[in-house]
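So the structure is just underneath, and the comments pick up after that.
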Amino acid sequence: MRFTRRSILLSIVIAAICSVRFAVPAYCAEPDKKAEVKELLSRMRSREVGAWEASFRLEKLGSEIAPIVEEQLDSLSPEYKAAAARALCKIGDVPRAVKALAEIVENQPNTPLGRDVAELLGEYGRSQAEGALVRLLDKAQRVDVKIALARSLWSAATTNEAWQKANTTLREVFATAKGEDRKKCALALAEISDFSDEVLEVLEALRVEPGHRGGQARALLNLRSLRQTKRRDLANTGGFKDPVLNEIAQKLQKFHVDQPKPFAELRDSAAKGMASSLDPFTSYMDAKQYGEFRENMSGEYAGIGARVGFLGDVDEPDERTFNVIRPIYSGPAYRSGLRSYDQIVKINGEPAKGKELQDLVTELKGKPGTKVNVTILRHSLPGEKEITIERESIQLKSVYYRMLPASIGYVKLLHFGDGAVEELAAALEDLEGQGLEALIIDLRGNPGGLLSAAVDIADMFLKNDKLIVRSEGRLVPEERHVTNDPATHPDYPLVVLVDDKSASASEIVAGALQDYKRAVLVGQRTYGKGSVQRLMKIKSDGALKITIAKYYLPSGRSIQRTHTDRGGVKPDIELQQESHMDANDLGKFEDVRRAESFDIYTEKYLAEHKTLFEELAEFDEEDSSKYPGFDKWYEDLTVPMAKDSARYLLRAWIRIQLGDEHGAERVVDIQADDQLMRTIAEAAILLGKEKELEEIKQYKGLLKRFKLE
């Protein structure tokens with residue numbers, strides 16, 4: 001082909017135009033697209049185009065139109081706003097779209113549109129919708145909206161707490177729903193593979209119906225049947241397709257010293273090893289484990305509201321006793337009369353002795369409203385006593401708090417559950433009303449929970465549109481969580497306590513507050529769980545929990561533990577928890593309890609000296625002479641130990657007895673908690689109250705103890 005000068009110049013001009021065209025930033029719509037989206041939005045406002053047709057067209061226009069759509073969202077009617085937000089989930093700012101969808105559900109709670117938008121939240125909002133779905137579910141009244149929200153939450157969930165809330169809600173609705181609502185709920189439960197006998201009964205009745213719903217029931221039942229067939233086929237398969245795995249399995253079955261394991265068990269073991277090799281939080285659950293996981297998530301079973309376990313010599317099963325370790329003070333066991341360390345000898349008339357712990361726990365569980373008879377032994381009772389307890393779904397408190405001396409508030413946050421945000425807000429309001437000047441948040445032992453709760457709690461103390469945490473994965477788009485509540489609490493000094501059991505949501509809150517220098521962290525490096533897991537069903541009827549993304553703190557650091565990196569959040573002030581007992585006496589509490597020495601002492605002195613013991617439970621100056629009759633009691637003690645160790649253990653027992661009497665757990669023990677004492681010292685330093693601290697009896701010598709003078 002022959003090129004002329006004119007054709008070459010024309011090619012250059014076309015190339016230049018094209019290069020300019022492709023240089024347009026993603027966030028800046030080209031003029032023709034800008035005009036098209038504005039015209040389409042105008043037609044949506046005047047209802048000249050179908051809502052979902054418009055949604056599809058917006059999605060096709062691409063990410064550069066996202067800012068225009070975001071700007072116009074609030075000008076649209078609810079149906080069209082939902083359609084535009086759905087498109088925005090696909091092309092732009094997912095948090096903004098989720099917020100818009102959540103507003104529609106909140107403002108249209110008793111309409112079919114509210115139900116439909118609830119379904120959109122789960123399908124398109126991804127994990128960013130988790131927090132909104134949890135909040136909406138708490139407020140939902142209309143049954144079909146509640147079903148849609150719970151189903152969506154199951155899809156969006158990234159934590160056990162969210163999965164549990166979704167499954168529990170569906171089970172509770174199904175148990176009470178009638179007619180059409182019961183059928184809808186059965187279909188929703190089947191969609192998340194929850195095929196109880198009652199659900200199957202409804203599906204079998206629905207499958208004969210013509211139309212969409214009958215087809216859906218048939219499809220779900222067929223899917224269940226296929227999975228069962230596949231599971232049997234997998235169990236009966238005699239080898240792996242991979243030659244290396246197949247050879248290993250054959251040699252293990254042929255030569256191992258023990259009875260060969262079935263192939264299905266070897267396959268499950270291989271799957272577990274494969275999953276766990278990637279990171280500490282990716283895991284495979286076989287069919288049995290997944291069934292147990294689903295049961296724990298379901299909420300169909302309730303309990304008596306008590307922590308129970310075996311006490312005694314673990315190597316001598318005949319010497320073990322099944323005991324209440326501590327009743328949950330808001331639960332039915334405590335209200336019915338169970339107390340700490342009661343020995344349970346019978347459940348429904350059947351002896352507890354000789355049974356496994358899990359079997360005994362299962363006997364105590366049951367459906368809410370059903371009753372169980374528990375026969376106990378207690379030192380203060382003349383013989384066995386039978387107590388009837390009505391089972392309940394137990395709601396655990398998330399927050400314990402109190403005001404410490406020097407106007408330092410203390411909040412223990414146990415987990416980031418449903419009520420954590422509201423409970424913490426109420427605690428702060430109360431403490432601030434009492435004249436709070438500095439705050440300690442104790443996250444030790446907190447395993448985490450809902451991401452939305454972590455974001456909302458961090459938001460209480462951070463201002464000005466700050467990033468709290470972001471997540472990103474190889475196949476998962478970046479999701480950013482930022483502050484959005486301008487009504488933060490005052491900038492009083494803040495100290496956060498963490499340890500190696502502070503995980504996930506705890507680490508997000510602690511790390512964000514540390515990154516912005518809003519709080520000083522004291523304690524030990526946190527656990528290192530900084531990832532998003534997705535639950536995926538597989539053909540064996542088991543499931544995979546796969547890490548799909550990692551969390552990153554505002555500074556950009558990841559808190560995720562790996563096989564080669566410890567991960568976690570390192571505190572500003574590292575401090576191990578020290579024992580206040582002689583090393584030779586550690587673990588002797590149970591020996592003294594079983595010898596009934598504690599019971600003998602408290603039965604003799606507690607009622608008469610209750611006021612004194614209340615004071616000693618708070619602070620006894622580590623002085624055994626303050627305890628009436630202590631020397632004689634120590635002299636008669638059959639378990640040899642140092643005198644100060646005996647005082648320490650007796651005080652611990654008295655604290656338990658007082659907790660039982662008042663129906664309130666004594667969460668704070670300042671005297672025996674070095675990490676808390678160091679945190680109090682830090683709060684006083686931040687307040688400039690070092691001298692005032694030294695004048696308080698409990699804190700005298702505290703600064704010197706930690707070399708802070």
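Ordered as shown in the structure tokens, chains take letters A, B, and onward, while each chain numbers its residues from 1 and ligands are numbered from 1 in the order shown.
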
(request) Using DSSP on the backbone, list every residue of region 156-294 of chain A that comes out as alpha helix (DSSP H), and give them as a ChimeraX atom specification. (result) /A:156,160-176,179-191,197-206,211-236,243-255,263-276,287-294

(message) List the spatial neighbours of Asp541 (chain A) as a PyMOL selection string - criterion: any atom at most 9 Å away, only C-alpha atoms, same-chain residues fewer than 3 positions off excluded.
(response) chain A and resi 227-228+230-231+286-288+290-291+537-538

(message) List the spatial neighbours of Gln560 (chain A) as a ChimeraX atom specification - criterion: any atom at most 7 Å away, only C-alpha atoms, same-chain residues fewer than 4 positions off excluded.
(response) /A:528-531,550,567-568

(message) For a quick check of understanding, using only C-alpha atoms, which of A:Ile248, A:Val98, A:Val145, A:Ala646 has the smallest distance to Arg126 (chain A)?
(response)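 Residue with the minimum atom-to-atom distance to Arg126 (chain A): A:Val98.
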
I'd like a table as CSV: residues in region 29-147 of chain A with an atom no more than 12 Å from region 454-464 of chain A, each row giving the shortest atom pair and its distance in Å to one decimal, only C-alpha atoms counted, sorted by chain and rising residue number.
residue,atom,partner,partner_atom,distance
A:Gln128,CA,A:Val455,CA,11.2
A:Glu130,CA,A:Val455,CA,11.6
A:Gly131,CA,A:Val455,CA,9.0
A:Ala132,CA,A:Asp456,CA,11.2
A:Arg135,CA,A:Asp456,CA,11.5

I need the chosen residues saved as a PDB file, in the first residue's frame, with N, CA, C and O atoms.
ATOM      1  N   GLN A 128     -19.193  -5.379  52.731  1.00  0.00           N
ATOM      2  CA  GLN A 128     -19.445  -4.020  53.221  1.00  0.00           C
ATOM      3  C   GLN A 128     -20.887  -3.853  53.708  1.00  0.00           C
ATOM      4  O   GLN A 128     -21.202  -2.916  54.417  1.00  0.00           O
ATOM      5  N   GLU A 130     -22.407  -6.083  55.570  1.00  0.00           N
ATOM      6  CA  GLU A 130     -22.613  -6.876  56.784  1.00  0.00           C
ATOM      7  C   GLU A 130     -23.135  -6.034  57.942  1.00  0.00           C
ATOM      8  O   GLU A 130     -24.126  -6.392  58.590  1.00  0.00           O
ATOM      9  N   GLY A 131     -22.486  -4.923  58.205  1.00  0.00           N
ATOM     10  CA  GLY A 131     -22.887  -4.083  59.334  1.00  0.00           C
ATOM     11  C   GLY A 131     -24.288  -3.518  59.163  1.00  0.00           C
ATOM     12  O   GLY A 131     -25.091  -3.518  60.103  1.00  0.00           O
ATOM     13  N   ALA A 132     -24.601  -3.038  57.951  1.00  0.00           N
ATOM     14  CA  ALA A 132     -25.933  -2.484  57.695  1.00  0.00           C
ATOM     15  C   ALA A 132     -26.993  -3.561  57.859  1.00  0.00           C
ATOM     16  O   ALA A 132     -28.066  -3.314  58.429  1.00  0.00           O
ATOM     17  N   ARG A 135     -27.709  -4.288  61.572  1.00  0.00           N
ATOM     18  CA  ARG A 135     -28.514  -3.228  62.191  1.00  0.00           C
ATOM     19  C   ARG A 135     -29.971  -3.292  61.720  1.00  0.00           C
ATOM     20  O   ARG A 135     -30.903  -3.138  62.508  1.00  0.00           O
TER      21      ARG A 135
END

At a cut-off of 9 Å, using only C-alpha atoms, what residues contact Tyr648 (chain A)? Leave out same-chain residues fewer than 6 positions from it and give the result as a PDB file with N, CA, C and O atoms, in the first residue's frame.
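Just written: out_26.pdb:
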ATOM      1  N   HIS A 580       0.995 -13.457  91.169  1.00  0.00           N
ATOM      2  CA  HIS A 580       1.157 -12.930  92.518  1.00  0.00           C
ATOM      3  C   HIS A 580       1.269 -14.055  93.540  1.00  0.00           C
ATOM      4  O   HIS A 580       1.133 -13.821  94.737  1.00  0.00           O
ATOM      5  N   MET A 581       1.511 -15.269  93.048  1.00  0.00           N
ATOM      6  CA  MET A 581       1.633 -16.427  93.932  1.00  0.00           C
ATOM      7  C   MET A 581       3.011 -17.044  93.823  1.00  0.00           C
ATOM      8  O   MET A 581       3.709 -16.876  92.818  1.00  0.00           O
ATOM      9  N   GLU A 622      -2.532  -6.968 100.517  1.00  0.00           N
ATOM     10  CA  GLU A 622      -1.744  -8.208 100.585  1.00  0.00           C
ATOM     11  C   GLU A 622      -1.369  -8.537 102.033  1.00  0.00           C
ATOM     12  O   GLU A 622      -0.269  -9.010 102.328  1.00  0.00           O
ATOM     13  N   SER A 624      -2.613 -10.750 105.200  1.00  0.00           N
ATOM     14  CA  SER A 624      -3.485 -11.837 105.653  1.00  0.00           C
ATOM     15  C   SER A 624      -4.097 -11.567 107.023  1.00  0.00           C
ATOM     16  O   SER A 624      -5.143 -12.144 107.369  1.00  0.00           O
ATOM     17  N   ALA A 672      -4.579  -7.535  91.707  1.00  0.00           N
ATOM     18  CA  ALA A 672      -3.884  -8.710  91.175  1.00  0.00           C
ATOM     19  C   ALA A 672      -3.559  -8.584  89.692  1.00  0.00           C
ATOM     20  O   ALA A 672      -3.118  -9.556  89.075  1.00  0.00           O
TER      21      ALA A 672
END

(request) For region 119-122 of chain A, work out the shell of residues within 8 Å, counting only C-alpha atoms and skipping chain neighbours fewer than 6 positions away, then give it as a PyMOL selection string. (result) chain A and resi 86+98+101-102+129+133+148-149+151-156

(request) Enumerate as an NGL selection string all residues of region 209-445 of chain A assigned to strand (DSSP E) by DSSP on the backbone, naming them with the chain letters and numbers the document uses. (result) :A and (283-285 or 306-311 or 321-327 or 343-347 or 350-351 or 371-377 or 385-390 or 399-404 or 408-413 or 438-442)

(request) Could you check which of A:Thr526, A:Asn584, A:Ser42, A:Thr547 is closest to Arg474 (chain A), using only C-alpha atoms? (result)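 Using only C-alpha atoms, Arg474 (chain A) sits closest to A:Thr547.
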
(request) Mind checking which residues fall within 8 Å of region 499-502 of chain A, counting only C-alpha atoms, ignoring those fewer than 2 positions away in the same chain, and posting them as a count of residues only? (result) 15

(request) Tell me, as a ChimeraX atom specification, which residues lie within 10 Å of Ala140 (chain A), counting only C-alpha atoms; anything in the same chain fewer than 6 positions away does not count. (result) /A:105-106,109-110,146-147,149

(request) Quote the spacing between CA of Phe619 (chain A) and CA of Leu676 (chain A) in Å to one decimal place. (result) 14.1 Å

(message) I need the residue nearest Leu357 (chain A) from this list: A:Tyr401, A:Tyr334, A:Phe293, A:Phe310. Use only C-alpha atoms for the distance.
(response)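 Closest to Leu357 (chain A) of all the choices is A:Phe310.
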
(request) Take CA of Gly303 (chain A) and CA of Lys367 (chain A) and report the distance between them in Å, one decimal. (result) 8.0 Å

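Relative to CA of Tyr341 (chain A), CA of Lys632 (chain A) is found at 24.5 Å.
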
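Of the listed residues A:Arg182, A:Lys588, A:Arg651, A:Lys697, the one whose atoms come nearest to Gly312 (chain A) is A:Lys588, with distances taken using only C-alpha atoms.
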